[in-house]
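To start, the structure under review is shown below, and the notes come after it.
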Amino acid sequence: MYEESIKLLNKAVADELAAVHQYLYFHFHCEDQGFELLAGLFMRIAIEEMGHIELLAERIIFLGGDVEMVPSAEVKKVRDVAEMLEMGMAMEQGSVRDYNVWANECAANADSGSKRIFEQLVADEERHYDQYDNERQNLARFGDRYLALQSIERSKRVAASGGAAEA
């Protein structure tokens with residue numbers, strides 16, 4: 001009865017897994033470059049995407065399906081911060097588009113529970129888009145100075161801790 005909803009929910013799991021992998025990759029590279037504020041943003045959003053996977057998986061199992069844990073895309077090797085933010089924005093925008101459509105499909109199939117989950121995800125993904133867009137605007141406005149300030153703050157903390165890198 002809920003085969004179509006299970007299929008859509010699993011597509012969302014695949015997209016969320018891809019986002020987690022991509023955002024963690026961005027986190028690692030921002031952290032390595034000393035851009036801790038951006039690294040933290042990518043990590044926080046990756047963790048929120050993990051929560052989405054859990055929510056989707058619980059619904060799939062409730063509907064009698066099996067959770068497919070296969071990411072929808074490979075990690076793209078992007079190391080430029082502006083490109084990371086643009087890519088994050090595009091990923092979130094795609095999710096908003098898909099989840100809106102899928103919410104309507106679930107409603108048409110008399111599955112209001114899955115519809116509500118997709119609507120909740122839309123709100124989260126729109127917030128993520130806005131966060132990436134704000135950072136992109138800061139980078140456009142302040143340029144490399146914006147990134148340099150993040151690096152300087154990290155260097156100050158490392159120096160204050162006796163030179164030990166934070167784990």
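By convention here, the chains of the structure tokens are called A, B, ... in the order presented, each chain's residues are numbered starting at 1, and ligands are numbered starting at 1 in the order presented.
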
Practice prompt. Can you pull out every residue within 9 Å of Phe26 of chain A, counting only C-alpha atoms, but drop anything in the same chain fewer than 3 positions away, and send it as a ChimeraX atom specification?
Written response: /A:21-23,29-31,38-39,42-43,77-79,81,84

Item to complete: Write out as a ChimeraX atom specification the residues lying within 7 Å of segment 119-133 of chain A, counting only C-alpha atoms and excluding same-chain residues fewer than 5 positions away.
Response: /A:85,88-89,92-93,95-96,99-100,103

Could you save those same residues with C-alpha atoms as an mmCIF file, in the first residue's frame?
```cif
data_model
loop_
_atom_site.group_PDB
_atom_site.id
_atom_site.type_symbol
_atom_site.label_atom_id
_atom_site.label_comp_id
_atom_site.auth_asym_id
_atom_site.auth_seq_id
_atom_site.Cartn_x
_atom_site.Cartn_y
_atom_site.Cartn_z
ATOM 1 C CA LEU A 85 29.123 27.197 -0.287
ATOM 2 C CA GLY A 88 25.885 23.403 -0.529
ATOM 3 C CA MET A 89 23.297 25.942 -1.662
ATOM 4 C CA GLU A 92 19.830 22.264 -0.413
ATOM 5 C CA GLN A 93 17.830 23.903 -3.202
ATOM 6 C CA SER A 95 16.328 18.907 -1.763
ATOM 7 C CA VAL A 96 13.711 21.617 -1.222
ATOM 8 C CA TYR A 99 10.841 17.195 -0.996
ATOM 9 C CA ASN A 100 8.036 19.572 -1.986
ATOM 10 C CA ALA A 103 5.250 15.639 -0.085
#
```

Practice prompt. Using backbone DSSP assignments, extract all helix (DSSP H, G or I) residues from segment 5-150 of chain A; output them as a PyMOL selection string.
Written response: chain A and resi 5-32+36-62+81-108+112-142+144-150

Worksheet item: Neighbours of segment 111-113 of chain A within 8 Å (only C-alpha atoms; same-chain residues fewer than 5 positions away dropped), as a PyMOL selection string?
Response: chain A and resi 2+5+106

Discussion item. Can you pull out the residues contacting segment 8-10 of chain A? Cut-off 10 Å, using only C-alpha atoms, and skip same-chain residues under 5 positions away; I want them as number ranges by chain.
Written reply: A: 3, 15-16, 53, 55-57, 59-60, 65-70, 98-99, 102-103, 105-106, 114, 117-118

Pull C-alpha atoms from the residues just selected and write them as a PDB file, in the first residue's frame.
```pdb
ATOM      1  CA  GLU A   3       5.339   1.182  -1.808  1.00  0.00           C
ATOM      2  CA  ASP A  15      20.239  12.222  -0.910  1.00  0.00           C
ATOM      3  CA  GLU A  16      20.741  12.878   2.804  1.00  0.00           C
ATOM      4  CA  ILE A  53      18.197  10.006   7.805  1.00  0.00           C
ATOM      5  CA  LEU A  55      13.607  10.249  10.775  1.00  0.00           C
ATOM      6  CA  LEU A  56      13.227   8.894   7.241  1.00  0.00           C
ATOM      7  CA  ALA A  57      14.462   5.423   8.229  1.00  0.00           C
ATOM      8  CA  ARG A  59       9.153   6.066   8.747  1.00  0.00           C
ATOM      9  CA  ILE A  60      10.311   3.520   6.161  1.00  0.00           C
ATOM     10  CA  GLY A  65       9.898  -1.215   4.103  1.00  0.00           C
ATOM     11  CA  ASP A  66      13.647  -1.642   4.297  1.00  0.00           C
ATOM     12  CA  VAL A  67      16.090   1.247   4.494  1.00  0.00           C
ATOM     13  CA  GLU A  68      18.492   1.495   1.555  1.00  0.00           C
ATOM     14  CA  MET A  69      21.756   3.023   2.814  1.00  0.00           C
ATOM     15  CA  VAL A  70      23.336   3.948  -0.522  1.00  0.00           C
ATOM     16  CA  ASP A  98      12.347  17.310  -4.487  1.00  0.00           C
ATOM     17  CA  TYR A  99      10.841  17.195  -0.996  1.00  0.00           C
ATOM     18  CA  TRP A 102       7.449  14.180  -2.836  1.00  0.00           C
ATOM     19  CA  ALA A 103       5.250  15.639  -0.085  1.00  0.00           C
ATOM     20  CA  GLU A 105       2.992  12.672  -4.072  1.00  0.00           C
ATOM     21  CA  CYS A 106       2.619  11.208  -0.579  1.00  0.00           C
ATOM     22  CA  SER A 114       5.256  10.872   5.101  1.00  0.00           C
ATOM     23  CA  ILE A 117       8.029  14.483   7.236  1.00  0.00           C
ATOM     24  CA  PHE A 118       8.851  15.874   3.792  1.00  0.00           C
TER      25      PHE A 118
END
```

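You will find atom CA of Gln137 of chain A at 18.2 Å from atom CA of Ile45 of chain A.
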